file input-v6.tsv (TSV, C-alpha atoms)
chain	number	residue	atom	x	y	z
A	120	MET	CA	0.81	-5.69	-39.33
A	121	LEU	CA	-2.83	-6.52	-38.75
A	122	HIS	CA	-5.04	-8.03	-41.43
A	123	LEU	CA	-8.72	-7.84	-40.51
A	124	ASP	CA	-11.73	-7.49	-42.70
A	125	ASN	CA	-15.45	-7.68	-42.13
A	126	ASP	CA	-15.88	-10.60	-44.49
A	127	ARG	CA	-18.56	-12.83	-43.07
A	128	TYR	CA	-19.45	-16.20	-44.32
A	129	THR	CA	-21.69	-19.00	-43.27
A	130	SER	CA	-20.64	-22.61	-43.30
A	131	ILE	CA	-23.53	-24.81	-44.25
A	132	GLY	CA	-23.03	-28.47	-43.51
A	133	ALA	CA	-24.32	-31.02	-45.92
A	134	LEU	CA	-27.62	-32.49	-44.77
A	135	SER	CA	-28.13	-36.21	-44.92
A	136	GLU	CA	-30.99	-38.53	-44.13
A	137	ARG	CA	-30.72	-42.06	-42.92
A	138	THR	CA	-32.67	-44.73	-44.70
A	139	ASN	CA	-33.40	-48.35	-43.99
A	140	LEU	CA	-32.11	-49.53	-47.35
A	141	ASN	CA	-29.55	-52.28	-47.11
A	142	TRP	CA	-26.96	-51.01	-49.53
A	143	PRO	CA	-24.06	-53.33	-50.30
A	144	ARG	CA	-20.94	-52.50	-48.33
A	145	ARG	CA	-18.28	-50.69	-50.24
A	146	ARG	CA	-14.79	-52.02	-50.15
A	147	LYS	CA	-12.31	-49.66	-48.58
A	148	PRO	CA	-10.13	-48.11	-51.26
A	149	LYS	CA	-6.50	-49.07	-51.24
A	150	VAL	CA	-4.34	-46.52	-49.50
A	151	SER	CA	-0.73	-45.92	-50.40
A	152	THR	CA	1.83	-46.22	-47.64
A	153	GLU	CA	4.77	-45.55	-49.95
A	154	TYR	CA	6.64	-42.26	-49.76
A	155	ALA	CA	7.11	-39.72	-52.52
A	156	ILE	CA	9.70	-36.95	-52.47
A	157	LEU	CA	7.58	-34.28	-54.17
A	158	SER	CA	10.26	-31.62	-54.12
A	159	GLN	CA	13.59	-30.83	-52.53
A	160	ARG	CA	14.76	-27.29	-53.01
A	161	GLY	CA	17.39	-25.62	-50.91
A	162	ASN	CA	16.74	-26.34	-47.25
A	163	LYS	CA	13.12	-27.54	-47.75
A	164	ILE	CA	11.78	-30.99	-48.59
A	165	THR	CA	8.16	-31.87	-49.39
A	166	ILE	CA	7.04	-35.45	-48.73
A	167	GLY	CA	3.76	-36.99	-49.83
A	168	ALA	CA	2.24	-40.43	-50.27
A	169	ALA	CA	3.10	-42.12	-53.56
A	170	PRO	CA	0.07	-42.81	-55.79
A	171	ILE	CA	-1.22	-46.37	-55.84
A	172	GLY	CA	0.71	-48.43	-58.37
A	173	CYS	CA	3.55	-45.95	-58.64
A	174	PRO	CA	6.98	-46.74	-57.23
A	175	GLY	CA	7.81	-44.69	-54.19
A	176	SER	CA	10.79	-44.11	-51.95
A	177	SER	CA	11.48	-46.48	-49.09
A	178	LEU	CA	11.15	-45.28	-45.51
A	179	ALA	CA	14.87	-45.87	-45.01
A	180	HIS	CA	15.68	-43.59	-47.96
A	181	VAL	CA	13.43	-40.79	-46.68
A	182	LEU	CA	14.81	-41.06	-43.15
A	183	GLU	CA	18.35	-40.88	-44.53
A	184	ILE	CA	17.47	-37.63	-46.33
A	185	LEU	CA	16.05	-36.15	-43.13
A	186	LYS	CA	19.43	-36.66	-41.46
A	187	ASP	CA	20.95	-34.15	-43.87
A	188	PRO	CA	21.87	-31.10	-41.74
A	189	SER	CA	21.06	-28.79	-44.66
A	190	ILE	CA	17.37	-29.80	-44.45
A	191	THR	CA	15.75	-27.42	-41.97
A	192	GLU	CA	12.19	-27.21	-43.35
A	193	VAL	CA	9.86	-30.19	-43.87
A	194	GLU	CA	6.43	-30.21	-45.52
A	195	LEU	CA	4.01	-33.15	-45.40
A	196	LEU	CA	1.49	-32.75	-48.20
A	197	GLY	CA	-1.78	-34.63	-48.71
A	198	TRP	CA	-1.58	-37.26	-45.95
A	199	SER	CA	-4.96	-38.78	-45.05
A	200	SER	CA	-5.99	-40.30	-41.71
A	201	GLU	CA	-5.62	-43.76	-43.28
A	202	GLN	CA	-1.96	-42.97	-43.94
A	203	ALA	CA	-1.23	-41.89	-40.38
A	204	ASP	CA	0.76	-45.05	-39.63
A	205	ALA	CA	3.04	-44.33	-42.59
A	206	ALA	CA	3.48	-40.69	-41.54
A	207	ARG	CA	4.29	-41.56	-37.93
A	208	PRO	CA	7.94	-42.62	-38.59
A	209	LEU	CA	8.51	-39.33	-40.38
A	210	LEU	CA	7.26	-37.35	-37.41
A	211	PHE	CA	9.38	-39.49	-35.07
A	212	ALA	CA	12.41	-38.73	-37.23
A	213	LEU	CA	11.70	-35.01	-36.89
A	214	GLN	CA	11.65	-35.39	-33.11
A	215	LYS	CA	14.93	-37.30	-33.24
A	216	ASN	CA	16.51	-34.54	-35.34
A	217	ARG	CA	14.77	-31.78	-33.43
A	218	ASN	CA	17.79	-29.50	-33.41
A	219	LEU	CA	17.95	-29.52	-37.22
A	220	ILE	CA	14.31	-29.02	-38.24
A	221	LYS	CA	13.16	-25.43	-37.72
A	222	ALA	CA	9.96	-25.36	-39.81
A	223	LEU	CA	7.17	-27.93	-40.23
A	224	PHE	CA	4.33	-27.50	-42.72
A	225	LEU	CA	1.30	-29.82	-42.77
A	226	ASN	CA	-0.85	-29.01	-45.78
A	227	GLU	CA	-4.03	-30.87	-46.75
A	228	CYS	CA	-3.28	-33.46	-44.09
A	229	ASN	CA	-5.50	-35.30	-41.63
A	230	LEU	CA	-3.10	-36.60	-39.03
A	231	PRO	CA	-3.32	-37.08	-35.24
A	232	PRO	CA	-2.24	-34.11	-33.10
A	233	ILE	CA	1.49	-33.51	-32.92
A	234	ASP	CA	3.30	-32.70	-29.69
A	235	LEU	CA	5.05	-29.49	-30.74
A	236	SER	CA	6.89	-29.30	-27.43
A	237	THR	CA	9.12	-32.19	-28.62
A	238	LEU	CA	10.38	-30.12	-31.56
A	239	SER	CA	12.64	-27.07	-31.77
A	240	LEU	CA	10.52	-25.30	-34.36
A	241	ASP	CA	10.50	-21.64	-35.24
A	242	LYS	CA	7.60	-22.07	-37.71
A	243	PHE	CA	4.60	-24.40	-37.70
A	244	CYS	CA	1.87	-24.45	-40.31
A	245	TYR	CA	-1.20	-26.70	-40.34
A	246	MET	CA	-3.33	-25.40	-43.18
A	247	GLN	CA	-6.33	-26.49	-45.28
A	248	SER	CA	-6.54	-29.76	-43.40
A	249	GLU	CA	-10.01	-29.88	-41.79
A	250	LEU	CA	-8.32	-29.80	-38.40
A	251	SER	CA	-11.00	-30.61	-35.81
A	252	ILE	CA	-11.64	-28.49	-32.73
A	253	HIS	CA	-10.63	-31.38	-30.46
A	254	ASN	CA	-7.33	-32.01	-32.24
A	255	ALA	CA	-6.63	-28.29	-32.48
A	256	ASN	CA	-7.08	-27.98	-28.71
A	257	ILE	CA	-4.59	-30.80	-28.09
A	258	LEU	CA	-2.15	-29.32	-30.58
A	259	CYS	CA	-2.30	-25.79	-29.19
A	260	ARG	CA	-1.63	-26.99	-25.64
A	261	THR	CA	1.79	-28.22	-26.81
A	262	ILE	CA	2.90	-24.98	-28.47
A	263	PRO	CA	6.33	-24.03	-27.07
A	264	LEU	CA	7.09	-20.48	-26.03
A	265	HIS	CA	9.97	-20.27	-28.53
A	266	LEU	CA	7.68	-20.72	-31.57
A	267	LYS	CA	7.82	-17.61	-33.77
A	268	GLN	CA	5.27	-18.33	-36.51
A	269	LEU	CA	1.96	-20.22	-36.21
A	270	THR	CA	-0.45	-20.76	-39.11
A	271	LEU	CA	-3.79	-22.56	-38.66
A	272	SER	CA	-5.65	-20.91	-41.53
A	273	TYR	CA	-8.50	-22.58	-43.43
A	274	ASN	CA	-9.34	-25.01	-40.63
A	275	PRO	CA	-12.77	-24.87	-38.89
A	276	ILE	CA	-11.29	-24.72	-35.39
A	277	GLY	CA	-13.53	-22.07	-33.83
A	278	ASP	CA	-12.83	-20.18	-30.59
A	279	GLU	CA	-11.45	-22.72	-28.11
A	280	PRO	CA	-7.99	-23.20	-29.70
A	281	LEU	CA	-7.61	-19.43	-30.02
A	282	LYS	CA	-8.28	-19.09	-26.28
A	283	ILE	CA	-5.41	-21.52	-25.63
A	284	VAL	CA	-3.08	-19.63	-27.97
A	285	SER	CA	-4.09	-16.35	-26.33
A	286	ASN	CA	-3.03	-17.71	-22.93
A	287	LEU	CA	0.43	-18.35	-24.38
A	288	LEU	CA	0.88	-14.73	-25.49
A	289	GLY	CA	2.44	-13.68	-22.23
A	290	PRO	CA	5.62	-11.64	-21.67
A	291	ASP	CA	7.80	-14.73	-22.35
A	292	SER	CA	6.22	-15.49	-25.71
A	293	LEU	CA	8.35	-15.18	-28.86
A	294	LEU	CA	5.42	-15.59	-31.28
A	295	GLU	CA	5.73	-12.95	-34.01
A	296	ASP	CA	3.34	-14.12	-36.72
A	297	LEU	CA	-0.16	-15.59	-36.15
A	298	GLN	CA	-2.24	-16.63	-39.18
A	299	LEU	CA	-5.91	-17.50	-38.50
A	300	ILE	CA	-7.70	-16.83	-41.80
A	301	ARG	CA	-11.12	-18.46	-42.26
A	302	CYS	CA	-11.11	-20.46	-39.02
A	303	GLU	CA	-14.75	-19.84	-37.98
A	304	ILE	CA	-13.61	-17.62	-35.11
A	305	THR	CA	-16.31	-15.52	-33.44
A	306	ASP	CA	-16.31	-12.52	-31.10
A	307	VAL	CA	-15.65	-14.89	-28.18
A	308	GLY	CA	-12.28	-15.98	-29.52
A	309	VAL	CA	-11.18	-12.58	-30.75
A	310	THR	CA	-12.06	-11.01	-27.38
A	311	ALA	CA	-9.78	-13.50	-25.62
A	312	LEU	CA	-7.06	-12.62	-28.10
A	313	ALA	CA	-7.62	-8.89	-27.57
A	314	LYS	CA	-7.08	-9.25	-23.81
A	315	ALA	CA	-3.78	-11.03	-24.40
A	316	LEU	CA	-2.56	-8.41	-26.86
A	317	VAL	CA	-2.79	-5.67	-24.25
A	318	HIS	CA	0.36	-7.03	-22.56
A	319	ASN	CA	1.99	-8.95	-25.44
A	320	ARG	CA	4.99	-7.34	-27.12
A	321	SER	CA	6.19	-10.10	-29.46
A	322	LEU	CA	3.40	-10.34	-32.05
A	323	ILE	CA	4.01	-8.10	-35.06
A	324	LYS	CA	1.74	-9.76	-37.64
A	325	LEU	CA	-1.83	-11.01	-37.18
A	326	ALA	CA	-4.08	-12.27	-40.00
A	327	ILE	CA	-7.63	-12.99	-38.86
A	328	SER	CA	-9.77	-12.11	-41.88
A	329	ALA	CA	-12.75	-14.06	-43.27
A	330	ASN	CA	-14.02	-15.15	-39.86
A	331	LEU	CA	-17.35	-14.74	-38.03
A	332	ILE	CA	-16.38	-11.54	-36.24
A	333	THR	CA	-18.97	-8.79	-35.74
A	334	ASP	CA	-18.50	-5.12	-34.90
A	335	ALA	CA	-18.25	-6.00	-31.20
A	336	GLY	CA	-15.21	-8.19	-31.84
A	337	VAL	CA	-13.59	-5.54	-34.02
A	338	VAL	CA	-14.07	-2.93	-31.28
A	339	ALA	CA	-12.48	-5.24	-28.67
A	340	LEU	CA	-9.49	-5.89	-30.91
A	341	CYS	CA	-9.00	-2.24	-31.82
A	342	SER	CA	-9.22	-1.22	-28.16
A	343	SER	CA	-6.39	-3.61	-27.27
A	344	LEU	CA	-4.20	-2.14	-30.00
A	345	SER	CA	-4.27	1.24	-28.28
A	346	SER	CA	-2.20	-0.35	-25.52
A	347	ASN	CA	0.04	-2.31	-27.87
A	348	PRO	CA	2.82	-0.29	-29.51
A	349	VAL	CA	4.14	-3.26	-31.54
A	350	LEU	CA	1.12	-4.59	-33.46
A	351	THR	CA	-0.38	-1.78	-35.51

call {"tool": "encode", "arguments": {"input": "input-v6.tsv", "output": "structure tokens"}}
result
Amino acid sequence: MLHLDNDRYTSIGALSERTNLNWPRRRKPKVSTEYAILSQRGNKITIGAAPIGCPGSSLAHVLEILKDPSITEVELLGWSSEQADAARPLLFALQKNRNLIKALFLNECNLPPIDLSTLSLDKFCYMQSELSIHNANILCRTIPLHLKQLTLSYNPIGDEPLKIVSNLLGPDSLLEDLQLIRCEITDVGVTALAKALVHNRSLIKLAISANLITDAGVVALCSSLSSNPVLT
């Protein structure tokens, strides 16, 4: 299943001007390093940072939950870069229990790149998180061949990470679902993907709408599909 539209949008960065005014320095806001179990339903647990002033769960309690063999999907929600130190033990616990955790979702997070090769994931989602091009490049280089679902939607990652992912779509790839909605991808990235799809036989679902793709990119992608009997 291929989702592609000709939606085009322009990202306009906020303009700022430097001044010579000596404004008083703002104190850094307090950042919570407590843990909050936001939900635990079935085999999935969602962990966030507890609001300032609110009692949260201890790290030991959260790590004990992650040892539960029935927990196979973990979501980290709303972790900022200032809370990276608090999130690091959670990620380490996932690596330690790598044979249990099959899906990892990072939503609205701003964390350092994760080495996906240390995990036995089937699904990985890093969405709506302002993932930088640099961090996306590092992340994509660690994608294991056994990963089946990859979602990077709503991150301004551009073409370079897609080139890396495209290189992984060889005959040994097991990737079935690739979600790249609104990622500021241009014809350059989609052309690299099109070349990989000529020989790839694992991908059955591709969502790449709301990007910066012109008619040239659409033509390149459609041409590759004529040689791909799986992705239609």

call {"tool": "residues_around", "arguments": {"input": "input-v6.tsv", "residues": "Gly161 in chain A", "least_positions_apart": "5", "cutoff": "12 Å", "atoms": "only C-alpha atoms", "output": "MDAnalysis selection string"}}
result
chainID A and resid 187:193

call {"tool": "residues_around", "arguments": {"input": "input-v6.tsv", "residues": "Leu230 in chain A", "least_positions_apart": "2", "cutoff": "6 Å", "atoms": "all atoms listed in the file", "output": "number ranges by chain"}}
result
A: 200, 203, 228

call {"tool": "closest_residue", "arguments": {"input": "input-v6.tsv", "among": "A:Val349, A:Leu281, A:Ala222, A:Ile184", "to": "Lys242 in chain A", "atoms": "all atoms listed in the file"}}
result
A:Ala222

call {"tool": "residues_around", "arguments": {"input": "input-v6.tsv", "residues": "Leu322 in chain A", "least_positions_apart": "5", "cutoff": "7 Å", "atoms": "all atoms listed in the file", "output": "NGL selection string"}}
result
:A and (294-296 or 350)

call {"tool": "write_last_selection", "arguments": {"input": "input-v6.tsv", "atoms": "C-alpha atoms", "output": "compact mmCIF listing (two decimals), in the frame of the given file"}}
result
# COMPACT_ATOMS: atom_id res chain seq x y z
CA LEU A 294 5.42 -15.59 -31.28
CA GLU A 295 5.73 -12.95 -34.01
CA ASP A 296 3.34 -14.12 -36.72
CA LEU A 350 1.12 -4.59 -33.46

call {"tool": "atom_distance", "arguments": {"input": "input-v6.tsv", "atom1": "CA of Arg160 in chain A", "atom2": "CA of Leu325 in chain A"}}
result
28.1 Å

call {"tool": "residues_around", "arguments": {"input": "input-v6.tsv", "residues": "Asn330 in chain A", "least_positions_apart": "3", "cutoff": "6 Å", "atoms": "only C-alpha atoms", "output": "list in words"}}
result
Arg301, Glu303 and Ile304 of chain A

call {"tool": "closest_residue", "arguments": {"input": "input-v6.tsv", "among": "A:Asn216, A:Ser176, A:Thr165, A:Ser251", "to": "Leu271 in chain A", "atoms": "all atoms listed in the file"}}
result
A:Ser251

call {"tool": "atom_distance", "arguments": {"input": "input-v6.tsv", "atom1": "CA of Gln202 in chain A", "atom2": "CA of Leu185 in chain A"}}
result
19.3 Å

call {"tool": "residues_around", "arguments": {"input": "input-v6.tsv", "residues": "Ser158 in chain A", "least_positions_apart": "4", "cutoff": "12 Å", "atoms": "all atoms listed in the file", "output": "list in words"}}
result
Asn162, Lys163, Ile164, Thr165, Ile166, Gly167, Glu192, Val193, Glu194, Leu195 and Leu196 of chain A

call {"tool": "write_last_selection", "arguments": {"input": "input-v6.tsv", "atoms": "C-alpha atoms", "output": "PDB file, in the frame of the given file"}}
result
ATOM      1  CA  ASN A 162      16.740 -26.340 -47.250  1.00  0.00           C
ATOM      2  CA  LYS A 163      13.120 -27.540 -47.750  1.00  0.00           C
ATOM      3  CA  ILE A 164      11.780 -30.990 -48.590  1.00  0.00           C
ATOM      4  CA  THR A 165       8.160 -31.870 -49.390  1.00  0.00           C
ATOM      5  CA  ILE A 166       7.040 -35.450 -48.730  1.00  0.00           C
ATOM      6  CA  GLY A 167       3.760 -36.990 -49.830  1.00  0.00           C
ATOM      7  CA  GLU A 192      12.190 -27.210 -43.350  1.00  0.00           C
ATOM      8  CA  VAL A 193       9.860 -30.190 -43.870  1.00  0.00           C
ATOM      9  CA  GLU A 194       6.430 -30.210 -45.520  1.00  0.00           C
ATOM     10  CA  LEU A 195       4.010 -33.150 -45.400  1.00  0.00           C
ATOM     11  CA  LEU A 196       1.490 -32.750 -48.200  1.00  0.00           C
TER      12      LEU A 196
END

call {"tool": "atom_distance", "arguments": {"input": "input-v6.tsv", "atom1": "CA of Glu249 in chain A", "atom2": "CA of Gln298 in chain A"}}
result
15.6 Å

call {"tool": "closest_residue", "arguments": {"input": "input-v6.tsv", "among": "A:Leu157, A:Ala326, A:Pro208, A:Ile233", "to": "Ala179 in chain A", "atoms": "all atoms listed in the file"}}
result
A:Pro208

call {"tool": "closest_residue", "arguments": {"input": "input-v6.tsv", "among": "A:Leu293, A:Ala168, A:Leu287, A:Leu331", "to": "Ala206 in chain A", "atoms": "all atoms listed in the file"}}
result
A:Ala168

call {"tool": "closest_residue", "arguments": {"input": "input-v6.tsv", "among": "A:Ile252, A:Leu235, A:Ala339, A:Ile156", "to": "Thr310 in chain A", "atoms": "all atoms listed in the file"}}
result
A:Ala339

call {"tool": "closest_residue", "arguments": {"input": "input-v6.tsv", "among": "A:Asn254, A:Gln268, A:Ser328, A:Ser342", "to": "Pro231 in chain A", "atoms": "all atoms listed in the file"}}
result
A:Asn254

call {"tool": "decode", "arguments": {"input": "input-v6.tsv", "residues": "range 292-314 of chain A", "atoms": "N, CA, C and O atoms", "output": "PDB file, in the first residue's frame"}}
result
ATOM      1  N   SER A 292      16.504  -7.426   3.768  1.00  0.00           N
ATOM      2  CA  SER A 292      15.686  -6.572   4.623  1.00  0.00           C
ATOM      3  C   SER A 292      14.336  -7.218   4.922  1.00  0.00           C
ATOM      4  O   SER A 292      13.736  -7.864   4.066  1.00  0.00           O
ATOM      5  N   LEU A 293      13.859  -7.026   6.161  1.00  0.00           N
ATOM      6  CA  LEU A 293      12.537  -7.506   6.557  1.00  0.00           C
ATOM      7  C   LEU A 293      11.561  -6.353   6.753  1.00  0.00           C
ATOM      8  O   LEU A 293      10.418  -6.571   7.181  1.00  0.00           O
ATOM      9  N   LEU A 294      11.978  -5.129   6.436  1.00  0.00           N
ATOM     10  CA  LEU A 294      11.139  -3.954   6.656  1.00  0.00           C
ATOM     11  C   LEU A 294       9.885  -4.030   5.792  1.00  0.00           C
ATOM     12  O   LEU A 294       9.960  -4.134   4.574  1.00  0.00           O
ATOM     13  N   GLU A 295       8.720  -3.971   6.451  1.00  0.00           N
ATOM     14  CA  GLU A 295       7.440  -4.080   5.764  1.00  0.00           C
ATOM     15  C   GLU A 295       6.676  -2.766   5.710  1.00  0.00           C
ATOM     16  O   GLU A 295       5.853  -2.562   4.816  1.00  0.00           O
ATOM     17  N   ASP A 296       6.909  -1.893   6.673  1.00  0.00           N
ATOM     18  CA  ASP A 296       6.103  -0.679   6.824  1.00  0.00           C
ATOM     19  C   ASP A 296       7.038   0.505   7.081  1.00  0.00           C
ATOM     20  O   ASP A 296       7.754   0.527   8.086  1.00  0.00           O
ATOM     21  N   LEU A 297       7.017   1.502   6.191  1.00  0.00           N
ATOM     22  CA  LEU A 297       7.876   2.683   6.312  1.00  0.00           C
ATOM     23  C   LEU A 297       7.004   3.931   6.281  1.00  0.00           C
ATOM     24  O   LEU A 297       6.328   4.205   5.288  1.00  0.00           O
ATOM     25  N   GLN A 298       6.996   4.696   7.387  1.00  0.00           N
ATOM     26  CA  GLN A 298       6.154   5.875   7.529  1.00  0.00           C
ATOM     27  C   GLN A 298       7.031   7.126   7.567  1.00  0.00           C
ATOM     28  O   GLN A 298       7.808   7.309   8.512  1.00  0.00           O
ATOM     29  N   LEU A 299       6.896   7.987   6.549  1.00  0.00           N
ATOM     30  CA  LEU A 299       7.736   9.184   6.426  1.00  0.00           C
ATOM     31  C   LEU A 299       6.872  10.397   6.063  1.00  0.00           C
ATOM     32  O   LEU A 299       7.185  11.140   5.141  1.00  0.00           O
ATOM     33  N   ILE A 300       5.798  10.603   6.777  1.00  0.00           N
ATOM     34  CA  ILE A 300       4.879  11.699   6.486  1.00  0.00           C
ATOM     35  C   ILE A 300       5.450  13.020   7.020  1.00  0.00           C
ATOM     36  O   ILE A 300       5.929  13.081   8.143  1.00  0.00           O
ATOM     37  N   ARG A 301       5.414  14.046   6.188  1.00  0.00           N
ATOM     38  CA  ARG A 301       5.847  15.398   6.559  1.00  0.00           C
ATOM     39  C   ARG A 301       7.246  15.390   7.185  1.00  0.00           C
ATOM     40  O   ARG A 301       7.457  15.803   8.332  1.00  0.00           O
ATOM     41  N   CYS A 302       8.208  14.948   6.393  1.00  0.00           N
ATOM     42  CA  CYS A 302       9.600  14.876   6.857  1.00  0.00           C
ATOM     43  C   CYS A 302      10.525  15.797   6.064  1.00  0.00           C
ATOM     44  O   CYS A 302      11.747  15.691   6.164  1.00  0.00           O
ATOM     45  N   GLU A 303       9.952  16.679   5.242  1.00  0.00           N
ATOM     46  CA  GLU A 303      10.730  17.603   4.402  1.00  0.00           C
ATOM     47  C   GLU A 303      11.636  16.860   3.414  1.00  0.00           C
ATOM     48  O   GLU A 303      12.746  17.283   3.108  1.00  0.00           O
ATOM     49  N   ILE A 304      11.134  15.755   2.913  1.00  0.00           N
ATOM     50  CA  ILE A 304      11.851  14.962   1.906  1.00  0.00           C
ATOM     51  C   ILE A 304      11.631  15.583   0.536  1.00  0.00           C
ATOM     52  O   ILE A 304      10.525  15.997   0.191  1.00  0.00           O
ATOM     53  N   THR A 305      12.693  15.640  -0.272  1.00  0.00           N
ATOM     54  CA  THR A 305      12.613  16.207  -1.610  1.00  0.00           C
ATOM     55  C   THR A 305      12.780  15.101  -2.657  1.00  0.00           C
ATOM     56  O   THR A 305      12.861  13.910  -2.328  1.00  0.00           O
ATOM     57  N   ASP A 306      12.881  15.502  -3.915  1.00  0.00           N
ATOM     58  CA  ASP A 306      13.077  14.541  -5.007  1.00  0.00           C
ATOM     59  C   ASP A 306      14.369  13.742  -4.839  1.00  0.00           C
ATOM     60  O   ASP A 306      14.463  12.597  -5.283  1.00  0.00           O
ATOM     61  N   VAL A 307      15.367  14.346  -4.203  1.00  0.00           N
ATOM     62  CA  VAL A 307      16.655  13.657  -4.005  1.00  0.00           C
ATOM     63  C   VAL A 307      16.464  12.405  -3.160  1.00  0.00           C
ATOM     64  O   VAL A 307      16.934  11.315  -3.506  1.00  0.00           O
ATOM     65  N   GLY A 308      15.777  12.561  -2.035  1.00  0.00           N
ATOM     66  CA  GLY A 308      15.555  11.414  -1.159  1.00  0.00           C
ATOM     67  C   GLY A 308      14.644  10.369  -1.765  1.00  0.00           C
ATOM     68  O   GLY A 308      14.901   9.162  -1.659  1.00  0.00           O
ATOM     69  N   VAL A 309      13.573  10.808  -2.411  1.00  0.00           N
ATOM     70  CA  VAL A 309      12.617   9.852  -2.957  1.00  0.00           C
ATOM     71  C   VAL A 309      13.200   9.115  -4.160  1.00  0.00           C
ATOM     72  O   VAL A 309      12.849   7.957  -4.424  1.00  0.00           O
ATOM     73  N   THR A 310      14.138   9.736  -4.868  1.00  0.00           N
ATOM     74  CA  THR A 310      14.806   9.046  -5.975  1.00  0.00           C
ATOM     75  C   THR A 310      15.704   7.928  -5.459  1.00  0.00           C
ATOM     76  O   THR A 310      15.763   6.836  -6.045  1.00  0.00           O
ATOM     77  N   ALA A 311      16.400   8.181  -4.342  1.00  0.00           N
ATOM     78  CA  ALA A 311      17.214   7.132  -3.724  1.00  0.00           C
ATOM     79  C   ALA A 311      16.341   5.973  -3.260  1.00  0.00           C
ATOM     80  O   ALA A 311      16.697   4.799  -3.416  1.00  0.00           O
ATOM     81  N   LEU A 312      15.181   6.309  -2.709  1.00  0.00           N
ATOM     82  CA  LEU A 312      14.245   5.277  -2.276  1.00  0.00           C
ATOM     83  C   LEU A 312      13.718   4.488  -3.463  1.00  0.00           C
ATOM     84  O   LEU A 312      13.599   3.253  -3.411  1.00  0.00           O
ATOM     85  N   ALA A 313      13.418   5.176  -4.556  1.00  0.00           N
ATOM     86  CA  ALA A 313      12.891   4.515  -5.751  1.00  0.00           C
ATOM     87  C   ALA A 313      13.871   3.486  -6.291  1.00  0.00           C
ATOM     88  O   ALA A 313      13.474   2.381  -6.697  1.00  0.00           O
ATOM     89  N   LYS A 314      15.151   3.810  -6.281  1.00  0.00           N
ATOM     90  CA  LYS A 314      16.171   2.874  -6.778  1.00  0.00           C
ATOM     91  C   LYS A 314      16.208   1.610  -5.925  1.00  0.00           C
ATOM     92  O   LYS A 314      16.378   0.502  -6.438  1.00  0.00           O
TER      93      LYS A 314
END
